[in-house]
Amino acid sequence: MALFSGLSDRLNHIFSKIKAKGKLTELEIKQAMREVRIALLEADVNFKVVKDFITSVSEKAVGEEILTSLTPGQQVIKIVKDELVTLMGSSNSKLEVSSKPPTVIMMCGLQGAGKTSFCGKLAQFLTKQGKKPMLVACDIYRPAAITQLKVVGKSVNVPVFDKGTQKPAKTAKEAIEEALYKGFDTVIIDTAGRLHIDEQLMGELKEVKETVSPTEILLVVDSMTGQDAVTVAQSFNEQLDVTGVILTKLDGDTRGGAALSIRAVTGKPIKFCGTGEKVADIEPFYPDRMASRILGMGDVLTLIEKAQEAVSEQQAKEMEKRFRENTFTLDDFLVQFNSIKKMGNIADLLSMVPGMSKLKVSEKDIDEKRIDRFKAIICSMTKKERENPDIIKASRKKRIADGSGSSIQEVNQLLKQFEQMKQMMKSMNTKNGKMRLPF
């Protein structure tokens, strides 16, 4: 599911009406702002935040410069985007790094927000940046919490420090000593979750904080809980003075209220968001990019970053050479399918392409299993067939279909798609002898 799809659809519908007009009156702008207000409230954005937001946008949108502009609708949308960016924090807020290693990151939040899973995601994210993280199990209450963290740690190849059910503050202190001894530069502490704000457990968190003086105290909140997430953030911030917020489950049926309210209500930046269940489904939070996605303008920068993670520079150069020399084979096509799978949910990827939101492409229209079927078809071919698809006639198609558990029609679809890709790349303009690849 594309992020904030419901809110995005509502706002696009509102703005499509004013974009079509050559001139806008003050009354028309006020009417549009009333509709925006309703859309934001229905998206579970904090009432006071909505009120301040609409007031700020309205003041700027009814100015003489906008009303006499040749493109008043576009100008109003730009004002809305700028205000959304300001609302969510203006710029990306990076993790603080301790001047004296290790950097200590204390994770906290309610049960069910995805805190333990996100510890693994963050550890892998930091590993890719050249850091050497260690996870610390300080949730001694939830059954199997320590085991879960060990499973998460193993999946991202990051060690987990635990001392069973001894006091969390003592475990955290010993973990930092272990990190210093073994050369780990980042310590991520997974603390006990809460079903609700509990004074006894909150006191335990304060004790951990006082004992290890964390560089970052990150609050993990479930974005699907809307205004409840904001209330939780307020409570934790009052008790612990958190340094940042992590929003999880942004890929779910979230209306966007938490993302648009938390910064304004707590004054604390959103540092990361979780966009899926896989360990790779973590994104640094960029307010300007998120505002673009909410307004259906795409997010090309994040798309490029995901592509760069999925395809190495060397792979891209080799693929470019094959396209130029017209030696692109089905093996190369298989590499492309694997790269697309690495980049994440296809519906989300398409939502990052400017203009795609207007096409109303839903997850029902995108059969991700089709990629797996196409991969199986290619893997059922001989080396000779993959290098020279022209030799694949009726009898070979039947054998390939039987071997991959697919139909002859699907084999034909794959071969047709492969030929279309080759033709498209052949007709692409080259610049200075270099071809721009679509990934």
# chains A, B, ... in the order shown; residues from 1 in each chain; ligands from 1
>>> select_by_dssp(residues="region 90-309 of chain A", states="strand (DSSP E or B)", output="MDAnalysis selection string")
chainID A and resid 103:110 133:138 160:161 186:191 194 216:222 244:248 270:274 282:284
>>> residues_around(residues="Gly114 (chain A)", least_positions_apart="4", cutoff="8 Å", atoms="only C-alpha atoms", output="JSON, numbers by chain")
{"A": [118, 220, 221, 222, 248]}
>>> closest_atom_pairs(of="region 101-134 of chain A", to="region 144-154 of chain A", cutoff="9 Å", atoms="only C-alpha atoms", output="Markdown table")
| residue | atom | partner | partner_atom | distance |
| --- | --- | --- | --- | --- |
| A:Thr116 | CA | A:Leu149 | CA | 6.2 |
| A:Ser117 | CA | A:Val152 | CA | 6.6 |
| A:Cys119 | CA | A:Val152 | CA | 8.1 |
| A:Gly120 | CA | A:Val152 | CA | 5.5 |
| A:Lys121 | CA | A:Val152 | CA | 8.6 |
| A:Ala123 | CA | A:Gly153 | CA | 8.2 |
| A:Met134 | CA | A:Gly153 | CA | 8.6 |
>>> write_last_selection(atoms="all heavy atoms", output="PDB file, in the first residue's frame")
ATOM      1  N   THR A 116      11.275  -4.235  18.831  1.00  0.00           N
ATOM      2  CA  THR A 116      12.342  -5.241  18.742  1.00  0.00           C
ATOM      3  C   THR A 116      12.738  -5.485  17.289  1.00  0.00           C
ATOM      4  O   THR A 116      13.925  -5.556  16.960  1.00  0.00           O
ATOM      5  CB  THR A 116      11.891  -6.558  19.405  1.00  0.00           C
ATOM      6  OG1 THR A 116      11.574  -6.297  20.781  1.00  0.00           O
ATOM      7  CG2 THR A 116      12.990  -7.610  19.338  1.00  0.00           C
ATOM      8  N   SER A 117      11.755  -5.588  16.410  1.00  0.00           N
ATOM      9  CA  SER A 117      12.040  -5.775  14.983  1.00  0.00           C
ATOM     10  C   SER A 117      12.820  -4.590  14.433  1.00  0.00           C
ATOM     11  O   SER A 117      13.743  -4.756  13.635  1.00  0.00           O
ATOM     12  CB  SER A 117      10.743  -5.931  14.187  1.00  0.00           C
ATOM     13  OG  SER A 117      10.030  -7.065  14.607  1.00  0.00           O
ATOM     14  N   CYS A 119      14.851  -2.701  16.024  1.00  0.00           N
ATOM     15  CA  CYS A 119      16.241  -2.749  16.505  1.00  0.00           C
ATOM     16  C   CYS A 119      17.114  -3.435  15.448  1.00  0.00           C
ATOM     17  O   CYS A 119      18.228  -2.983  15.150  1.00  0.00           O
ATOM     18  CB  CYS A 119      16.327  -3.518  17.824  1.00  0.00           C
ATOM     19  SG  CYS A 119      15.715  -2.608  19.258  1.00  0.00           S
ATOM     20  N   GLY A 120      16.582  -4.552  14.882  1.00  0.00           N
ATOM     21  CA  GLY A 120      17.315  -5.275  13.841  1.00  0.00           C
ATOM     22  C   GLY A 120      17.454  -4.462  12.573  1.00  0.00           C
ATOM     23  O   GLY A 120      18.517  -4.441  11.938  1.00  0.00           O
ATOM     24  N   LYS A 121      16.382  -3.774  12.183  1.00  0.00           N
ATOM     25  CA  LYS A 121      16.423  -2.942  10.973  1.00  0.00           C
ATOM     26  C   LYS A 121      17.463  -1.836  11.112  1.00  0.00           C
ATOM     27  O   LYS A 121      18.236  -1.559  10.185  1.00  0.00           O
ATOM     28  CB  LYS A 121      15.040  -2.323  10.712  1.00  0.00           C
ATOM     29  CG  LYS A 121      13.969  -3.320  10.312  1.00  0.00           C
ATOM     30  CD  LYS A 121      12.639  -2.611  10.068  1.00  0.00           C
ATOM     31  CE  LYS A 121      11.556  -3.624   9.700  1.00  0.00           C
ATOM     32  NZ  LYS A 121      10.265  -2.987   9.420  1.00  0.00           N
ATOM     33  N   ALA A 123      20.028  -1.821  13.145  1.00  0.00           N
ATOM     34  CA  ALA A 123      21.366  -2.424  13.196  1.00  0.00           C
ATOM     35  C   ALA A 123      21.882  -2.693  11.785  1.00  0.00           C
ATOM     36  O   ALA A 123      23.047  -2.403  11.469  1.00  0.00           O
ATOM     37  CB  ALA A 123      21.326  -3.729  14.008  1.00  0.00           C
ATOM     38  N   MET A 134      25.964  -3.462  18.144  1.00  0.00           N
ATOM     39  CA  MET A 134      25.664  -4.605  19.000  1.00  0.00           C
ATOM     40  C   MET A 134      24.290  -4.373  19.615  1.00  0.00           C
ATOM     41  O   MET A 134      23.962  -3.253  20.021  1.00  0.00           O
ATOM     42  CB  MET A 134      26.712  -4.731  20.114  1.00  0.00           C
ATOM     43  CG  MET A 134      26.451  -5.904  21.073  1.00  0.00           C
ATOM     44  SD  MET A 134      27.789  -6.113  22.278  1.00  0.00           S
ATOM     45  CE  MET A 134      27.392  -4.816  23.443  1.00  0.00           C
TER      46      MET A 134
END
>>> atom_distance(atom1="CA of Lys271 (chain A)", atom2="CA of Lys94 (chain A)")
6.5 Å
>>> closest_residue(among="A:Phe161, A:Thr186, A:Leu201, A:Gln423", to="Ser98 (chain A)", atoms="only C-alpha atoms")
A:Thr186
>>> residues_around(residues="Thr231 (chain A)", least_positions_apart="4", cutoff="10 Å", atoms="only C-alpha atoms", output="count of residues only")
10
>>> residues_around(residues="Ala39 (chain A)", least_positions_apart="3", cutoff="10 Å", atoms="only C-alpha atoms", output="CSV table (one decimal) with N, CA and C atoms, in the first residue's frame")
chain,number,residue,atom,x,y,z
A,6,GLY,N,-4.9,7.2,1.3
A,6,GLY,CA,-6.2,7.9,1.5
A,6,GLY,C,-6.2,9.4,1.5
A,7,LEU,N,-5.3,9.9,2.3
A,7,LEU,CA,-5.1,11.4,2.5
A,7,LEU,C,-4.6,11.9,1.1
A,8,SER,N,-3.7,11.2,0.5
A,8,SER,CA,-3.1,11.7,-0.8
A,8,SER,C,-4.2,11.8,-1.8
A,9,ASP,N,-5.1,10.8,-1.9
A,9,ASP,CA,-6.2,10.9,-2.9
A,9,ASP,C,-7.2,12.0,-2.6
A,10,ARG,N,-7.5,12.3,-1.3
A,10,ARG,CA,-8.4,13.4,-1.0
A,10,ARG,C,-7.8,14.7,-1.4
A,11,LEU,N,-6.5,14.9,-1.0
A,11,LEU,CA,-5.8,16.2,-1.3
A,11,LEU,C,-5.7,16.4,-2.8
A,14,ILE,N,-9.0,17.6,-4.2
A,14,ILE,CA,-9.3,19.0,-3.8
A,14,ILE,C,-8.5,19.9,-4.7
A,33,MET,N,-9.6,25.3,1.4
A,33,MET,CA,-8.9,25.1,2.7
A,33,MET,C,-9.9,24.4,3.7
A,34,ARG,N,-11.2,24.6,3.6
A,34,ARG,CA,-12.1,23.9,4.4
A,34,ARG,C,-12.1,22.4,4.1
A,35,GLU,N,-12.0,22.1,2.8
A,35,GLU,CA,-11.9,20.7,2.4
A,35,GLU,C,-10.6,20.1,2.9
A,36,VAL,N,-9.5,20.8,2.8
A,36,VAL,CA,-8.3,20.3,3.3
A,36,VAL,C,-8.3,20.0,4.8
A,42,GLU,N,-9.9,13.9,9.1
A,42,GLU,CA,-10.3,12.5,8.9
A,42,GLU,C,-9.1,11.6,8.8
A,43,ALA,N,-7.9,12.2,8.5
A,43,ALA,CA,-6.6,11.4,8.5
A,43,ALA,C,-6.1,11.3,9.9
A,44,ASP,N,-6.8,11.8,10.9
A,44,ASP,CA,-6.5,11.7,12.3
A,44,ASP,C,-5.3,12.6,12.7
A,45,VAL,N,-5.2,13.7,12.0
A,45,VAL,CA,-4.2,14.7,12.4
A,45,VAL,C,-4.7,15.5,13.6
A,50,VAL,N,-4.0,20.9,12.9
A,50,VAL,CA,-4.8,21.2,11.7
A,50,VAL,C,-5.2,22.7,11.7
A,255,ARG,N,-3.5,6.5,8.3
A,255,ARG,CA,-4.1,7.7,7.7
A,255,ARG,C,-3.2,8.9,7.7
>>> closest_residue(among="A:Gln336, A:Asn412, A:Gly63, A:Gln111", to="Ile197 (chain A)", atoms="only C-alpha atoms")
A:Gln111
